[in-house]
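The block underneath contains the structure these notes are about, expressed in structure tokens.
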Amino acid sequence: MALLPLVRGLSLGAVGFLLGGGLAAGIRGLMGLDPWSAEPVIVVGYVFGLIGWLLGVGLWGTWAREWLGLAPKKDHVHDWRRYFRFCTDHKVIGVQYLVTFMVIMLLGGLLAVLMRVELMQPGKTLMGPGQFNNAMSLHGILMVAVAVATIMGGFANFLVPLLIGAEDVAFPRLNALSYWIIPPVAVLLLATPLMGGFDAGWTAYPPLSVINAPGQTLYLLAFLTFGISSIVGGMNFLATIITLRAPGMSWSRLPIFVWSIFAAALISLTATQFVAYGLLMIILERVAGTSFFNSAQGGAPLLYQHIFWFYSHPAVYIMILPAFGVVLEVLAHFSRKPLFAYKWVVGAFLSIVVLSFFVWAHHLFTSGMADYLHLPFMVTTELISIPTGVVFLAGLGTIWLGRLWLTTPMLFALGFLFNFLIGGITGIFLADVPTDIQLQDTYFVVAHFHYTIMGGEVFAIMAGGYYWFPKITGRMYNDRLGKLHFWWMLVTYNLTFLPMFWAGVQGMNRRVADFPPELAGVNLFASIASFFLAASFVVLVYNLVVSWKRGPVAAANPWRARTLEWQTTSPPPLENFPAEPQVMGSPYDYGVPGSVHSRPGIAGGAQEVKHAQG
Amino acid sequence: MTKWDLFPLAAAEEARVVDDAFRVLMIMSVPVFTFVLAALLYAIPRFRKGGEPAGDGPAIHTHGPTVATWFLATTALTLLVIVFPGTTGLLELRHHAAREPDLVVKVEGTRFFWKMTYPQQGVLSVTELVLPVGKRVRFEVTATDVVHSFWIPAFRTKIDAVPGLVTTTHVTPDKTGSFQEDSFFRLQCAELCGVAHSLMQTPVRVVEQSEFESWVAKQVPAPSS
């Protein structure tokens, strides 16, 4: 039976949940408390249920048996059923991530459309303010997850081992774990409406997040679990990039996309713990009655905001650094010119990693934190525009004098530069304290971060998606539909979000279901534009689905690109390359006579034999 | 309000500082935006090939003078916005805040309304925030349940109302007006606080001193604490 692992996972998950829930109820009973209090039962039940799910879905068979001295079971499935199993092939995991987060992106988009329907006119349109807050909060976390995991989990999984000439990632089983821990996250989030939803936004500031509906607890557990996946994934990529580069793949020959993943992985490994602690503290407030954030018992609500943003600001660089990587990769190959100022870009990525840890309090300029913190955090935040400027220099320098091939991915990469330019410039308004005092918590902020994350990162996801589609699926997408999608999305995207800057300046605060009647015009305009924006995704999904099934078979290297993933078949075989490739030079030496990036390894050659024996 | 002002209405001395900073940043943004956009709009049609290009472009890996110029220019611009209008604006707001207030208003946010207490006058109001024009006001803000944010768009002032903490912000209204004339005269909660967050607003009215005094006379006396 094809879906047996899923059935096993669900059954063991249910058993675990009952065990954990019963344990919690029993302990509560012994303590003389009401045994069936929903939240403690759910929290403990979930922890056991999660372990049961993971063991059942494949952790037991492929891994945990070893802990007891048993031989792990080998899975010999090689067809589509791999995608529904605990499969350790990084390419399968990459596709699992990409498809999962594509679906989540569409769900989050649907919620955005519902929100825009509500905001078409002042007063109640579709949902009441309560439902609006729930929809807004759910939209927020779904899209944050999409932004964190689509490139880091999807593209990076599929491509990093290929780009560095490796057979797989350093810890394939951990890699599978990092994916299979995500379905429970999705289940929890989609179950929140059954328990009253959660209306505190994805930021979950206490005390609101301590006193609202039980749906909040499901949200906290979901985010916490997702964080574990991020930490594990980040560690895996660091280990992979440090230890598994093919012979000759020196750090100075590393494709820029790999560098961007390396930089983002440094952040996701080291920063995510902080948000996990913050979320755990709120869970404890709710189920154990601690008082970290309860001022009546000596707690401090502001403490949470510092912990939260100590992760969540670096997290935006987990989103955007890989986007820079994808875009620069695409620009170089389709300009057929070396990536301009490569070493400066690497320096820029690494300095963004360092700076990202020193800027979090710019989210707190109006929070009531000590005044003397304003100046230093304004300075560090604005310093980030210098390395970001280097990325623009590299982009413009690469296309300058190039031979531009305006394919669909190239158009999306260029669209990224335009959108991110607006997102970056408007960021200065929010980093400067005097302007931020007025603009904080208004639609100006909403417009700004959608310009960086949707206009920026999602455009990069599209660039990468079309660029690597033939490699991942072995088939070619429809180019006309791809270009239609680009122009449609670029125009409707800007028509939706540009007016939001205006709405913010005109006094519209964010996260509101209602607004002053003067703002009716701009909101109606943004809403109508957003419906057309949503429709552009129909073109995308149609193109992806039909091309994946029936598109023309893709060549190994349809773009004549030099990087290693294109030097093997589309899609690549299980072991990626017949033998370990030899890297001879830079991946970007377009126009350099006689230059070679790599040479295929000889199967059974000296290197391969040594490798096999090693 | 002139036709060219981006913000609809500014009614406090501090608001001018914020609007000036906004204007300076707008003016600085225009050349940066135009430069990058112009480079893109020139390069894309100029260097595009109709379809798959036959050969490669020139092997330019980097160009020292360009990189150096770019790096220096972006660094200079960044330092500029840090100093002006960032630091200068911040210092100006601090300078305003350091002056002795003529009037203290204690503001307390509770889901989903604001309570304003005037300790010097001994009155309180939950329906309206009334202030005399031309007087320095210090708001002492707190909350009783969850985090709220005290925001009056016309004054460009915003400070969170945090349970267990008293935060302050200073405003000198320099223009009379009321919510009925312009929705910028409203005290709006700007931090998500629950179901009726968007409705958590109180009308603001800035009046002459004499009118303020007669308004005070009609208010409920605040319980002494």
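Just remember, in the structure tokens the first chain shown is A, the second B, etc., residues are 1-based per chain, and ligands are 1-based in the order shown.
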Using only C-alpha atoms, what does the table of chain B residues within 7 Å of chain A look like, with each row giving the shortest atom pair and its distance in Å to one decimal, sorted by chain and ascending number, as a tab-separated table?
```
residue	atom	partner	partner_atom	distance
B:Phe7	CA	A:Val505	CA	6.1
B:Pro8	CA	A:Gln506	CA	6.5
B:Val18	CA	A:Pro434	CA	5.2
B:Ala21	CA	A:Thr435	CA	6.3
B:Phe22	CA	A:Thr435	CA	5.9
B:Leu25	CA	A:Phe429	CA	6.9
B:Ser29	CA	A:Ile425	CA	6.6
B:Ala43	CA	A:Trp400	CA	6.1
B:Phe47	CA	A:Arg403	CA	5.8
B:Arg48	CA	A:Leu404	CA	4.3
B:Lys49	CA	A:Leu404	CA	5.7
B:Gly51	CA	A:Trp405	CA	5.9
B:Glu52	CA	A:Trp405	CA	5.7
B:Pro53	CA	A:Arg403	CA	6.1
B:Asp56	CA	A:Gly591	CA	4.9
B:Gly57	CA	A:Gly402	CA	4.8
B:Pro58	CA	A:Gly591	CA	5.4
B:Ala59	CA	A:Gly591	CA	4.7
B:Ile60	CA	A:Pro338	CA	6.4
B:His61	CA	A:Phe340	CA	5.3
B:Thr62	CA	A:Ala341	CA	4.7
B:Thr74	CA	A:Ile386	CA	5.9
B:Thr75	CA	A:Ile386	CA	5.9
B:Thr78	CA	A:Glu382	CA	6.4
B:Ile82	CA	A:Val379	CA	6.1
B:Gly86	CA	A:Asp432	CA	5.0
B:Gly89	CA	A:Pro434	CA	5.8
B:Leu90	CA	A:Pro434	CA	5.9
B:Val146	CA	A:Pro207	CA	5.0
B:Val147	CA	A:Pro207	CA	6.9
B:Pro153	CA	A:Gly507	CA	6.3
B:Arg156	CA	A:Gln438	CA	5.0
B:Thr157	CA	A:Gln438	CA	6.2
B:Lys158	CA	A:Ile437	CA	5.8
B:Ile159	CA	A:Thr366	CA	4.9
B:Asp160	CA	A:Ser367	CA	4.9
B:Pro163	CA	A:Ser295	CA	6.3
B:Gly164	CA	A:Ser295	CA	5.1
B:Thr167	CA	A:Gly368	CA	5.6
B:Ser183	CA	A:Pro516	CA	6.9
B:Phe184	CA	A:Gly507	CA	6.9
B:Ala190	CA	A:Asp441	CA	6.0
B:Glu191	CA	A:Asp441	CA	6.9
B:Leu192	CA	A:Arg511	CA	6.6
B:Cys193	CA	A:Leu208	CA	6.5
B:Gly194	CA	A:Asp199	CA	6.5
B:Val195	CA	A:Gly130	CA	4.7
B:Ala196	CA	A:Pro129	CA	6.5
B:His197	CA	A:Val512	CA	6.8
B:Ser198	CA	A:Val512	CA	4.8
```
* Asked: Mind pulling up the distance from atom CA of A:Val359 to atom CA of A:Val327?
  ->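 According to the coordinates, atom CA of A:Val327 and atom CA of A:Val359 are separated by 24.7 Å.
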* Contacts of stretch 13-18 of chain A within 9 Å, only C-alpha atoms, excl. fewer than 3 positions in-chain, as a ChimeraX atom specification -> /A:8-10,21-23,41-42,44-56
* So which residues of stretch 42-145 of chain B fall under strand (DSSP E) by DSSP, listed as a PyMOL selection string? -> chain B and resi 48-49+103-110+113-118+123-125+129-132+137-143
For N, CA, C and O atoms, I'd like the residues from the last selection saved as a CSV table (one decimal), in the first residue's frame.
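In the end it all went to result.csv:
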```csv
chain,number,residue,atom,x,y,z
B,48,ARG,N,19.9,43.3,-24.5
B,48,ARG,CA,19.2,42.1,-24.7
B,48,ARG,C,19.4,41.5,-26.1
B,48,ARG,O,19.7,42.3,-27.0
B,49,LYS,N,19.4,40.2,-26.1
B,49,LYS,CA,19.5,39.6,-27.4
B,49,LYS,C,18.1,39.0,-27.7
B,49,LYS,O,17.5,38.5,-26.7
B,103,LEU,N,1.0,70.7,31.1
B,103,LEU,CA,-0.2,69.9,31.4
B,103,LEU,C,0.2,68.4,31.4
B,103,LEU,O,1.0,68.0,30.5
B,104,VAL,N,-0.3,67.7,32.4
B,104,VAL,CA,0.0,66.2,32.4
B,104,VAL,C,-1.3,65.5,32.1
B,104,VAL,O,-2.3,65.8,32.8
B,105,VAL,N,-1.3,64.5,31.2
B,105,VAL,CA,-2.5,63.7,31.0
B,105,VAL,C,-2.1,62.3,31.2
B,105,VAL,O,-1.2,61.8,30.6
B,106,LYS,N,-2.8,61.6,32.1
B,106,LYS,CA,-2.5,60.1,32.3
B,106,LYS,C,-3.5,59.4,31.4
B,106,LYS,O,-4.7,59.6,31.5
B,107,VAL,N,-2.9,58.5,30.6
B,107,VAL,CA,-3.7,57.7,29.7
B,107,VAL,C,-3.6,56.3,30.0
B,107,VAL,O,-2.5,55.8,30.2
B,108,GLU,N,-4.8,55.6,30.1
B,108,GLU,CA,-4.8,54.2,30.4
B,108,GLU,C,-5.6,53.5,29.4
B,108,GLU,O,-6.8,53.8,29.1
B,109,GLY,N,-5.0,52.5,28.7
B,109,GLY,CA,-5.7,51.7,27.7
B,109,GLY,C,-6.2,50.4,28.3
B,109,GLY,O,-5.5,49.7,29.1
B,110,THR,N,-7.5,50.1,28.0
B,110,THR,CA,-8.1,48.9,28.5
B,110,THR,C,-8.9,48.5,27.3
B,110,THR,O,-9.5,49.3,26.6
B,113,PHE,N,-11.1,50.7,25.2
B,113,PHE,CA,-11.3,52.1,25.3
B,113,PHE,C,-10.1,52.8,26.0
B,113,PHE,O,-9.2,52.1,26.6
B,114,TRP,N,-10.0,54.1,25.9
B,114,TRP,CA,-9.0,54.8,26.6
B,114,TRP,C,-9.6,55.7,27.7
B,114,TRP,O,-10.6,56.2,27.5
B,115,LYS,N,-8.9,55.7,28.8
B,115,LYS,CA,-9.3,56.5,29.9
B,115,LYS,C,-8.2,57.6,30.1
B,115,LYS,O,-7.1,57.3,30.3
B,116,MET,N,-8.7,58.9,30.1
B,116,MET,CA,-7.8,60.0,30.2
B,116,MET,C,-8.0,60.7,31.6
B,116,MET,O,-9.2,61.1,31.8
B,117,THR,N,-7.0,60.8,32.4
B,117,THR,CA,-7.1,61.5,33.6
B,117,THR,C,-6.2,62.7,33.6
B,117,THR,O,-5.1,62.7,33.1
B,118,TYR,N,-6.8,63.8,34.1
B,118,TYR,CA,-6.1,65.1,34.1
B,118,TYR,C,-5.8,65.4,35.6
B,118,TYR,O,-6.6,66.0,36.3
B,123,VAL,N,-9.9,65.8,36.8
B,123,VAL,CA,-11.0,65.3,36.1
B,123,VAL,C,-10.6,64.1,35.3
B,123,VAL,O,-9.4,63.9,35.0
B,124,LEU,N,-11.6,63.3,34.8
B,124,LEU,CA,-11.3,62.3,33.9
B,124,LEU,C,-12.3,62.2,32.8
B,124,LEU,O,-13.4,62.7,32.9
B,125,SER,N,-11.9,61.6,31.7
B,125,SER,CA,-12.8,61.5,30.5
B,125,SER,C,-12.5,60.2,29.8
B,125,SER,O,-11.4,59.7,29.7
B,129,LEU,N,-10.6,63.2,24.2
B,129,LEU,CA,-9.3,63.7,24.7
B,129,LEU,C,-9.3,65.2,24.2
B,129,LEU,O,-9.3,65.5,23.0
B,130,VAL,N,-9.4,66.1,25.2
B,130,VAL,CA,-9.4,67.5,24.9
B,130,VAL,C,-8.1,68.2,25.4
B,130,VAL,O,-7.7,67.9,26.5
B,131,LEU,N,-7.5,69.0,24.5
B,131,LEU,CA,-6.2,69.6,24.9
B,131,LEU,C,-6.2,71.1,24.5
B,131,LEU,O,-6.9,71.4,23.5
B,132,PRO,N,-5.6,71.9,25.4
B,132,PRO,CA,-5.5,73.3,25.0
B,132,PRO,C,-4.4,73.5,24.0
B,132,PRO,O,-3.3,72.9,24.0
B,137,VAL,N,2.2,69.2,26.5
B,137,VAL,CA,1.5,68.2,27.2
B,137,VAL,C,2.4,67.0,27.4
B,137,VAL,O,3.1,66.6,26.5
B,138,ARG,N,2.4,66.4,28.6
B,138,ARG,CA,3.1,65.2,28.8
B,138,ARG,C,2.1,64.1,29.0
B,138,ARG,O,1.2,64.2,29.9
B,139,PHE,N,2.1,63.1,28.2
B,139,PHE,CA,1.2,61.9,28.3
B,139,PHE,C,2.0,60.8,29.1
B,139,PHE,O,3.1,60.5,28.7
B,140,GLU,N,1.3,60.4,30.1
B,140,GLU,CA,1.9,59.2,30.9
B,140,GLU,C,1.0,58.0,30.6
B,140,GLU,O,-0.2,58.0,31.1
B,141,VAL,N,1.5,57.1,29.8
B,141,VAL,CA,0.7,56.1,29.2
B,141,VAL,C,0.9,54.7,29.9
B,141,VAL,O,2.0,54.3,30.1
B,142,THR,N,-0.2,54.0,30.1
B,142,THR,CA,-0.1,52.6,30.6
B,142,THR,C,-1.3,51.9,30.1
B,142,THR,O,-2.2,52.4,29.4
B,143,ALA,N,-1.3,50.6,30.4
B,143,ALA,CA,-2.4,49.7,30.1
B,143,ALA,C,-2.8,48.8,31.2
B,143,ALA,O,-1.9,48.5,32.1
```
* To do: Name the closest residue to A:Leu98 among the candidates A:Phe274, A:Phe237, A:Phe158, A:Trp36; distances are taken between atoms, counting only C-alpha atoms.
  => A:Phe158
* Asked: If you count only C-alpha atoms, which residues fall within 10 Å of B:Ala98, apart from same-chain ones fewer than 5 positions away, as number ranges by chain?
  -> B: 92-93, 170
* **Every residue of stretch 277-430 of chain A that DSSP places in helix (DSSP H, G or I), as a ChimeraX atom specification** => /A:277-288,295-297,301-335,342-356,360-364,371-383,385-399,408-430
* **Distance query A:Leu119 at most 10 Å, only C-alpha atoms, self and fewer than 3 positions along chain excluded, as a count of residues only** => 20
What's around A:Ala2 at 12 Å? Count only C-alpha atoms, leave out sequence neighbours fewer than 6 positions away in its own chain, and write the answer as a PDB file with C-alpha atoms, in the first residue's frame.
```pdb
ATOM      1  CA  ARG A   8       1.296   4.307  10.312  1.00  0.00           C
ATOM      2  CA  VAL A  77      10.661   2.399  -3.489  1.00  0.00           C
ATOM      3  CA  HIS A  78      11.788   4.384  -6.517  1.00  0.00           C
ATOM      4  CA  ASP A  79       8.582   5.712  -8.049  1.00  0.00           C
ATOM      5  CA  TRP A  80       6.160   8.479  -7.024  1.00  0.00           C
ATOM      6  CA  ARG A  81       5.578   6.747  -3.680  1.00  0.00           C
ATOM      7  CA  ARG A  82       8.953   8.080  -2.500  1.00  0.00           C
ATOM      8  CA  TYR A  83       7.343  11.460  -2.086  1.00  0.00           C
ATOM      9  CA  PHE A  84       4.987  10.088   0.574  1.00  0.00           C
ATOM     10  CA  ARG A  85       7.714   8.423   2.601  1.00  0.00           C
TER      11      ARG A  85
END
```
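The closest residue to A:Ala460, picked from A:Leu279, A:Ile151, A:Leu224, A:Leu490 and counting only C-alpha atoms, is A:Ile151.
In this model, the gap between atom CA of A:Phe501 and atom CA of A:Leu519 comes to 12.2 Å.
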* Fewer than 6 positions away in the same chain doesn't count, so skip those; otherwise give me all residues within 10 Å of A:Phe525, counting only C-alpha atoms, as an MDAnalysis selection string. => chainID A and resid 120 495:496 499:500
